Amino acid sequence: NQQLEQKQAKTVAEALDGVAGVTSGQYGRRGWDDFIIRGQISSSQTYIDGLRVQASDNVLRAEDISGLESIEVVKGPTSVGFGLALPGGLVNLTTKRPQAESFSRAGLSYGSYGLKEGTFDINYAPNETEKGAFRVVGRVSDQDDPTDYVYFKNQYIASSYNFDLDDKDDLSVIASYQHRDYIRQQGIPYSNGNYKKYSPSLFFGEPGYGYDVDVYRVGANYAHYFDNDWTFKQNFAVTKTDTKGNAILASGTNTLPIIKRAINNQDKQDTNYTLDNNLQRNFDFGSVSYDVMAGVDMMRERSDYYRRTDTINDFNANNPSYGNVSIKKIGAPSQEITYSQYAGLYLRNTIKIDDRWIIGLSGRHDWTQVEIDSVLKNTTTKNSDNAFTGSASVMYRINDMFAPYFSYSTSFMPVTDSGENGTLLNPEEGKQAEVGIKFQALDQRLQGYMAYYDLTRKNVTESDASGNFSIQTGEQVTQGFEAELAAALTKQWNVSATYSYIPTAKVTESVIASEIGKRTNHVPENAGSLSTQYYFSPDKLGWNIGAGIRYQGSRTAQRNTDFVYLPSYTLIDVNAGYEAESWGAGLSIKNLFDKEYLAGTTPNAQLVNW
């Protein structure tokens, strides 16, 4: 949480910037959490308190960062640990819950492009314990964008309560509400490099054409501790999302200065129920320690998605004009109600031998069902499937400093996309082998890891060139090396570094012959970061200063005949702050030297984002 404050991250994508093996914000500032983990698009792989928040891959989501205690990136196939998941990895967000001490905090922020933000965090613990404690956090923010007419407004509030039950039972509940109002930033057409002739602030949409999103969430965590050392835990959540939008997007392939446009009318209403129950216990056999967990988790989601794309008048980038929208052609609407549900049985085993060997063996079997009802066509398609996924890992502690490990894991993920004949496509599958070493020193003040992984994703789903149906392009392979290091060199000086090298990220099998061998979009071969924070006092009160450098290697993006080259860039960030007993102040400057760079492209690889 302290790292997020010093970083002044305002979104999940910003918080992930600099994590080894992660590319974030690759589609520009479109108002959603976009990120790639180990060469695989993982934007729909967001979990809150261990529970999946959405099944459909039409994400349209951005979780509020002010209500989070921590952000965890779990890399590689994670189906066994978190339920259905794609092989690249996932992001698990842990919400703030009541603490054992009473406190009240508030913050105000002001920044570039009209950033105005207010936050509060109030915790009341009448018994000076977590039981019976109540907490409420909130945020109101408003920020414009370097692109004209683009803005992002956000309101969020969450309240949580820990019931004061007996020593054998714990129960915590949380309820949150988030409202977002924004206009997406989507860049300008690449147009064979002609984008360089135009200002990065150019906006080809229309003021007032954006999105309104409301997200309601209620969750409960229950635990019962039996006298025989078994523990039962239950985690439950209901999330309701209401998204309405009429964003103006570029239509087709464009040659500047003329940009063809369309209004993308969207009304998406999702209701998601998730439940996880498990029993766990530790068995101590002297030199052998055995942890076991057995459980069942379930999810059901109803997603009602209405879309209609209307062609409107063109935009002349040489003579920008706004407020004169005229519809040239009303598009054909579509409305689909998708029911996704699954149930999974899992067993996880961790065996520790002589405090040297750590062996992990886990297995899971899932039963899934997807049903898509086309409201306007009056058709229904269904698909049921089941699969076993597993993981195995071995770690050996050579000494107190080094612990090499090896792991192998598989994943399984049903899709909600239809093929050319209207039937649902096959589930996606994945597998990964990973070998690495974890290390620590200086009384655990220095910690890190190095790893090499070989990841394969099968039955990859993408839209056909016509955009009318989906296809499964076959297989993608990612092979890479990554390393992370965090060190508290002294009580006053912290340093962290990350590096990612992905020489292979390509399509190896495809029904489209020209796609085979192409590099995965937006995945750099090299990326790294280095940051440091220095506190002038050992108790970390008083002044502190920090700096960071972020390097993103060159990338490519391509779709059919469209190809965009994204040059490498290096950014410098600095920060300074003062912390007193009851107040603090901070200044953060991102991209200190005001470097202009391309963050990415739109998914169709036609628009570039400054």
# chains A, B, ... in the order shown; residues from 1 in each chain; ligands from 1

$ residues_around --residues "Ser251 in chain A" --least-positions-apart "2" --cutoff "10 Å" --atoms "only C-alpha atoms" --output "VMD selection string"
chain A and resid 248 to 249 253 to 254 259 to 264 309 to 312 314 606

$ residues_around --residues "His522 in chain A" --least-positions-apart "4" --cutoff "6 Å" --atoms "only C-alpha atoms" --output "PyMOL selection string"
chain A and resi 555-557

$ write_last_selection --atoms "all heavy atoms" --output "mmCIF file, in the first residue's frame"
data_model
loop_
_atom_site.group_PDB
_atom_site.id
_atom_site.type_symbol
_atom_site.label_atom_id
_atom_site.label_comp_id
_atom_site.auth_asym_id
_atom_site.auth_seq_id
_atom_site.Cartn_x
_atom_site.Cartn_y
_atom_site.Cartn_z
ATOM 1 N N ARG A 555 7.997 -2.901 -29.531
ATOM 2 C CA ARG A 555 6.937 -3.889 -29.689
ATOM 3 C C ARG A 555 6.309 -3.736 -31.066
ATOM 4 O O ARG A 555 6.546 -2.741 -31.765
ATOM 5 C CB ARG A 555 5.853 -3.695 -28.617
ATOM 6 C CG ARG A 555 6.301 -3.934 -27.191
ATOM 7 C CD ARG A 555 5.423 -3.176 -26.208
ATOM 8 N NE ARG A 555 5.612 -1.744 -26.340
ATOM 9 C CZ ARG A 555 4.666 -0.838 -26.105
ATOM 10 N NH1 ARG A 555 3.466 -1.231 -25.724
ATOM 11 N NH2 ARG A 555 4.916 0.437 -26.248
ATOM 12 N N THR A 556 5.500 -4.687 -31.433
ATOM 13 C CA THR A 556 4.745 -4.604 -32.674
ATOM 14 C C THR A 556 3.287 -4.930 -32.387
ATOM 15 O O THR A 556 2.965 -5.582 -31.388
ATOM 16 C CB THR A 556 5.283 -5.583 -33.736
ATOM 17 O OG1 THR A 556 5.233 -6.917 -33.202
ATOM 18 C CG2 THR A 556 6.708 -5.235 -34.120
ATOM 19 N N ALA A 557 2.424 -4.467 -33.264
ATOM 20 C CA ALA A 557 1.003 -4.821 -33.208
ATOM 21 C C ALA A 557 0.529 -5.007 -34.642
ATOM 22 O O ALA A 557 0.809 -4.173 -35.509
ATOM 23 C CB ALA A 557 0.200 -3.728 -32.511
#

$ select_by_dssp --residues "range 40-286 of chain A" --states "strand (DSSP E or B)" --output "MDAnalysis selection string"
chainID A and resid 40:41 46:48 51:52 68:75 89:95 103:111 115:124 134:144 151:162 169:182 188:189 211:225 231:250 258:284

$ residues_around --residues "Val91 in chain A" --least-positions-apart "5" --cutoff "10 Å" --atoms "only C-alpha atoms" --output "count of residues only"
18

$ residues_around --residues "Glu428 in chain A" --least-positions-apart "6" --cutoff "8 Å" --atoms "only C-alpha atoms" --output "JSON, numbers by chain"
{"A": [86, 412, 413, 414, 415, 457, 458, 459, 460, 461]}

$ residues_around --residues "Leu361 in chain A" --least-positions-apart "4" --cutoff "9 Å" --atoms "only C-alpha atoms" --output "CSV table (one decimal) with N, CA, C and O atoms, in the first residue's frame"
chain,number,residue,atom,x,y,z
A,347,LEU,N,-8.2,-30.2,-4.7
A,347,LEU,CA,-7.4,-30.7,-3.6
A,347,LEU,C,-6.0,-30.2,-3.7
A,347,LEU,O,-5.4,-30.3,-4.8
A,348,ARG,N,-5.5,-29.5,-2.7
A,348,ARG,CA,-4.2,-28.9,-2.7
A,348,ARG,C,-3.4,-29.5,-1.5
A,348,ARG,O,-3.9,-29.6,-0.4
A,349,ASN,N,-2.2,-30.0,-1.8
A,349,ASN,CA,-1.3,-30.6,-0.8
A,349,ASN,C,0.0,-29.9,-0.8
A,349,ASN,O,0.6,-29.7,-1.9
A,350,THR,N,0.5,-29.6,0.3
A,350,THR,CA,1.8,-29.0,0.5
A,350,THR,C,2.6,-29.8,1.5
A,350,THR,O,2.1,-30.0,2.7
A,351,ILE,N,3.7,-30.4,1.1
A,351,ILE,CA,4.5,-31.3,2.0
A,351,ILE,C,5.9,-30.6,2.2
A,351,ILE,O,6.6,-30.4,1.3
A,390,GLY,N,-4.0,-29.6,-13.2
A,390,GLY,CA,-3.2,-29.9,-12.1
A,390,GLY,C,-1.9,-29.1,-12.0
A,390,GLY,O,-1.6,-28.4,-13.0
A,391,SER,N,-1.3,-29.1,-10.9
A,391,SER,CA,0.0,-28.5,-10.8
A,391,SER,C,0.9,-29.3,-9.9
A,391,SER,O,0.4,-29.9,-8.9
A,392,ALA,N,2.2,-29.3,-10.1
A,392,ALA,CA,3.2,-29.9,-9.3
A,392,ALA,C,4.4,-29.1,-9.2
A,392,ALA,O,4.8,-28.5,-10.2
A,393,SER,N,5.0,-29.0,-8.0
A,393,SER,CA,6.1,-28.1,-7.8
A,393,SER,C,7.0,-28.7,-6.7
A,393,SER,O,6.6,-29.4,-5.8
A,394,VAL,N,8.3,-28.5,-6.9
A,394,VAL,CA,9.3,-28.9,-5.9
A,394,VAL,C,10.3,-27.8,-5.7
A,394,VAL,O,10.8,-27.2,-6.6

$ residues_around --residues "Asp170 in chain A" --least-positions-apart "5" --cutoff "8 Å" --atoms "only C-alpha atoms" --output "PDB file with N, CA, C and O atoms, in the first residue's frame"
ATOM      1  N   ASN A 162     -16.599  -6.515  10.827  1.00  0.00           N
ATOM      2  CA  ASN A 162     -16.259  -7.821  11.384  1.00  0.00           C
ATOM      3  C   ASN A 162     -17.188  -8.113  12.565  1.00  0.00           C
ATOM      4  O   ASN A 162     -17.179  -7.369  13.552  1.00  0.00           O
ATOM      5  N   PHE A 163     -17.963  -9.175  12.484  1.00  0.00           N
ATOM      6  CA  PHE A 163     -18.873  -9.512  13.563  1.00  0.00           C
ATOM      7  C   PHE A 163     -18.087  -9.996  14.784  1.00  0.00           C
ATOM      8  O   PHE A 163     -17.055 -10.648  14.665  1.00  0.00           O
ATOM      9  N   ASP A 164     -18.589  -9.665  15.949  1.00  0.00           N
ATOM     10  CA  ASP A 164     -17.956 -10.066  17.207  1.00  0.00           C
ATOM     11  C   ASP A 164     -18.563 -11.386  17.659  1.00  0.00           C
ATOM     12  O   ASP A 164     -19.444 -11.434  18.522  1.00  0.00           O
ATOM     13  N   LEU A 165     -18.097 -12.473  17.060  1.00  0.00           N
ATOM     14  CA  LEU A 165     -18.598 -13.804  17.395  1.00  0.00           C
ATOM     15  C   LEU A 165     -17.654 -14.461  18.401  1.00  0.00           C
ATOM     16  O   LEU A 165     -16.740 -13.846  18.921  1.00  0.00           O
ATOM     17  N   ASN A 221     -17.018 -13.208   4.185  1.00  0.00           N
ATOM     18  CA  ASN A 221     -15.977 -14.201   4.471  1.00  0.00           C
ATOM     19  C   ASN A 221     -16.248 -14.810   5.839  1.00  0.00           C
ATOM     20  O   ASN A 221     -16.329 -14.090   6.831  1.00  0.00           O
ATOM     21  N   TYR A 222     -16.389 -16.136   5.866  1.00  0.00           N
ATOM     22  CA  TYR A 222     -16.708 -16.831   7.119  1.00  0.00           C
ATOM     23  C   TYR A 222     -15.665 -17.909   7.374  1.00  0.00           C
ATOM     24  O   TYR A 222     -15.179 -18.570   6.441  1.00  0.00           O
ATOM     25  N   ALA A 223     -15.289 -18.090   8.631  1.00  0.00           N
ATOM     26  CA  ALA A 223     -14.358 -19.153   9.023  1.00  0.00           C
ATOM     27  C   ALA A 223     -14.820 -19.769  10.331  1.00  0.00           C
ATOM     28  O   ALA A 223     -15.249 -19.062  11.255  1.00  0.00           O
ATOM     29  N   HIS A 224     -14.741 -21.107  10.415  1.00  0.00           N
ATOM     30  CA  HIS A 224     -15.037 -21.833  11.653  1.00  0.00           C
ATOM     31  C   HIS A 224     -13.853 -22.734  11.976  1.00  0.00           C
ATOM     32  O   HIS A 224     -13.366 -23.480  11.121  1.00  0.00           O
TER      33      HIS A 224
END

$ atom_distance --atom1 "CA of Pro333 in chain A" --atom2 "CA of Ser374 in chain A"
11.0 Å

$ closest_residue --among "A:Asn560, A:Asn192, A:Asn544, A:Gly600" --to "Arg30 in chain A" --atoms "only C-alpha atoms"
A:Gly600

$ closest_residue --among "A:Asp454, A:Leu84, A:Glu69, A:Tyr290" --to "Thr368 in chain A" --atoms "only C-alpha atoms"
A:Leu84

$ atom_distance --atom1 "CA of Ser409 in chain A" --atom2 "CA of Gly76 in chain A"
7.8 Å

$ atom_distance --atom1 "CA of Asp562 in chain A" --atom2 "CA of Gly480 in chain A"
26.4 Å

$ decode --residues "range 22-152 of chain A" --atoms "C-alpha atoms" --output "short mmCIF file (atom, residue, chain, number, x, y, z; two decimals), in the first residue's frame"
data_model
loop_
_atom_site.label_atom_id
_atom_site.label_comp_id
_atom_site.auth_asym_id
_atom_site.auth_seq_id
_atom_site.Cartn_x
_atom_site.Cartn_y
_atom_site.Cartn_z
CA VAL A 22 3.66 -7.60 -17.24
CA THR A 23 2.68 -5.09 -19.93
CA SER A 24 -0.09 -2.72 -18.83
CA GLY A 25 -2.19 -0.08 -20.55
CA GLN A 26 -1.33 -1.49 -23.98
CA TYR A 27 -4.64 -0.31 -25.47
CA GLY A 28 -4.29 3.28 -24.30
CA ARG A 29 -6.36 5.08 -21.70
CA ARG A 30 -9.73 3.67 -22.67
CA GLY A 31 -11.00 3.52 -19.10
CA TRP A 32 -10.57 -0.21 -18.52
CA ASP A 33 -7.96 -2.34 -16.78
CA ASP A 34 -5.83 -3.67 -19.65
CA PHE A 35 -2.77 -5.81 -19.00
CA ILE A 36 -0.73 -8.67 -20.46
CA ILE A 37 0.99 -11.25 -18.24
CA ARG A 38 3.76 -13.40 -19.70
CA GLY A 39 2.72 -12.65 -23.25
CA GLN A 40 -0.98 -13.43 -22.74
CA ILE A 41 -3.83 -10.91 -22.57
CA SER A 42 -5.10 -11.24 -19.00
CA SER A 43 -7.43 -8.22 -18.64
CA SER A 44 -10.43 -10.40 -17.78
CA GLN A 45 -8.33 -12.25 -15.18
CA THR A 46 -9.15 -9.98 -12.24
CA TYR A 47 -10.10 -11.44 -8.87
CA ILE A 48 -11.21 -9.65 -5.71
CA ASP A 49 -10.40 -11.40 -2.43
CA GLY A 50 -9.73 -14.60 -4.37
CA LEU A 51 -13.03 -14.63 -6.29
CA ARG A 52 -13.42 -13.99 -10.01
CA VAL A 53 -15.37 -10.80 -10.72
CA GLN A 54 -16.34 -11.45 -14.34
CA ALA A 55 -16.58 -14.41 -16.69
CA SER A 56 -17.11 -12.72 -20.06
CA ASP A 57 -14.08 -11.38 -21.90
CA ASN A 58 -15.90 -8.14 -22.80
CA VAL A 59 -14.35 -6.60 -19.72
CA LEU A 60 -15.40 -2.91 -19.62
CA ARG A 61 -14.15 -2.80 -16.01
CA ALA A 62 -11.71 -0.75 -13.93
CA GLU A 63 -11.50 -1.61 -10.24
CA ASP A 64 -11.08 1.27 -7.80
CA ILE A 65 -7.59 1.26 -6.33
CA SER A 66 -8.34 3.31 -3.19
CA GLY A 67 -10.26 0.42 -1.60
CA LEU A 68 -7.38 -2.05 -1.93
CA GLU A 69 -4.96 -3.24 0.73
CA SER A 70 -2.72 -4.99 -1.81
CA ILE A 71 -2.40 -6.05 -5.44
CA GLU A 72 -1.01 -9.51 -6.15
CA VAL A 73 0.17 -10.71 -9.57
CA VAL A 74 -0.03 -14.51 -9.85
CA LYS A 75 1.87 -15.70 -12.93
CA GLY A 76 1.41 -18.80 -15.01
CA PRO A 77 -1.56 -21.21 -15.20
CA THR A 78 -3.63 -20.68 -12.04
CA SER A 79 -6.76 -22.75 -12.62
CA VAL A 80 -6.00 -25.05 -9.69
CA GLY A 81 -5.66 -22.21 -7.20
CA PHE A 82 -8.30 -19.76 -8.43
CA GLY A 83 -10.71 -21.62 -10.65
CA LEU A 84 -11.02 -21.11 -14.40
CA ALA A 85 -8.18 -18.97 -15.69
CA LEU A 86 -6.06 -18.31 -18.77
CA PRO A 87 -2.43 -19.49 -18.65
CA GLY A 88 -0.60 -16.15 -18.52
CA GLY A 89 -1.68 -15.32 -15.00
CA LEU A 90 -4.11 -13.21 -13.02
CA VAL A 91 -4.34 -10.23 -10.69
CA ASN A 92 -5.85 -10.72 -7.23
CA LEU A 93 -7.01 -7.58 -5.42
CA THR A 94 -7.32 -7.66 -1.62
CA THR A 95 -9.82 -5.20 -0.18
CA LYS A 96 -9.28 -3.11 2.92
CA ARG A 97 -10.98 -4.66 5.97
CA PRO A 98 -11.46 -3.56 9.60
CA GLN A 99 -8.32 -3.31 11.75
CA ALA A 100 -7.71 -3.70 15.49
CA GLU A 101 -7.14 0.01 16.14
CA SER A 102 -9.35 3.04 15.57
CA PHE A 103 -8.11 5.66 13.13
CA SER A 104 -9.33 8.21 10.61
CA ARG A 105 -7.43 9.34 7.54
CA ALA A 106 -8.15 11.67 4.67
CA GLY A 107 -6.20 12.84 1.66
CA LEU A 108 -6.37 15.47 -1.06
CA SER A 109 -4.52 15.32 -4.37
CA TYR A 110 -4.07 17.82 -7.16
CA GLY A 111 -2.15 17.24 -10.35
CA SER A 112 -1.62 17.73 -14.05
CA TYR A 113 -4.50 17.74 -16.50
CA GLY A 114 -6.94 18.92 -13.87
CA LEU A 115 -6.51 16.02 -11.46
CA LYS A 116 -8.56 16.58 -8.31
CA GLU A 117 -9.02 13.77 -5.81
CA GLY A 118 -10.24 13.29 -2.28
CA THR A 119 -10.01 10.11 -0.21
CA PHE A 120 -11.00 9.02 3.29
CA ASP A 121 -10.43 5.91 5.41
CA ILE A 122 -12.16 5.55 8.79
CA ASN A 123 -11.75 2.53 11.07
CA TYR A 124 -13.59 2.12 14.39
CA ALA A 125 -12.52 -0.69 16.74
CA PRO A 126 -14.47 -0.31 20.02
CA ASN A 127 -12.80 -3.35 21.62
CA GLU A 128 -9.30 -2.64 20.26
CA THR A 129 -9.54 -5.90 18.31
CA GLU A 130 -10.55 -6.71 14.77
CA LYS A 131 -13.77 -8.30 16.04
CA GLY A 132 -16.60 -5.82 16.20
CA ALA A 133 -14.59 -3.34 14.12
CA PHE A 134 -16.07 -1.25 11.30
CA ARG A 135 -14.33 0.43 8.37
CA VAL A 136 -15.42 2.73 5.56
CA VAL A 137 -13.23 3.98 2.72
CA GLY A 138 -14.06 6.25 -0.19
CA ARG A 139 -12.72 8.26 -3.08
CA VAL A 140 -13.92 11.04 -5.38
CA SER A 141 -11.71 11.87 -8.35
CA ASP A 142 -11.85 13.89 -11.54
CA GLN A 143 -9.10 14.07 -14.14
CA ASP A 144 -8.79 15.31 -17.69
CA ASP A 145 -6.33 13.86 -20.20
CA PRO A 146 -3.55 15.03 -22.52
CA THR A 147 -6.08 14.31 -25.29
CA ASP A 148 -8.64 17.08 -25.70
CA TYR A 149 -12.15 16.48 -24.31
CA VAL A 150 -11.16 13.19 -22.62
CA TYR A 151 -11.87 12.87 -18.89
CA PHE A 152 -12.24 10.25 -16.17
#
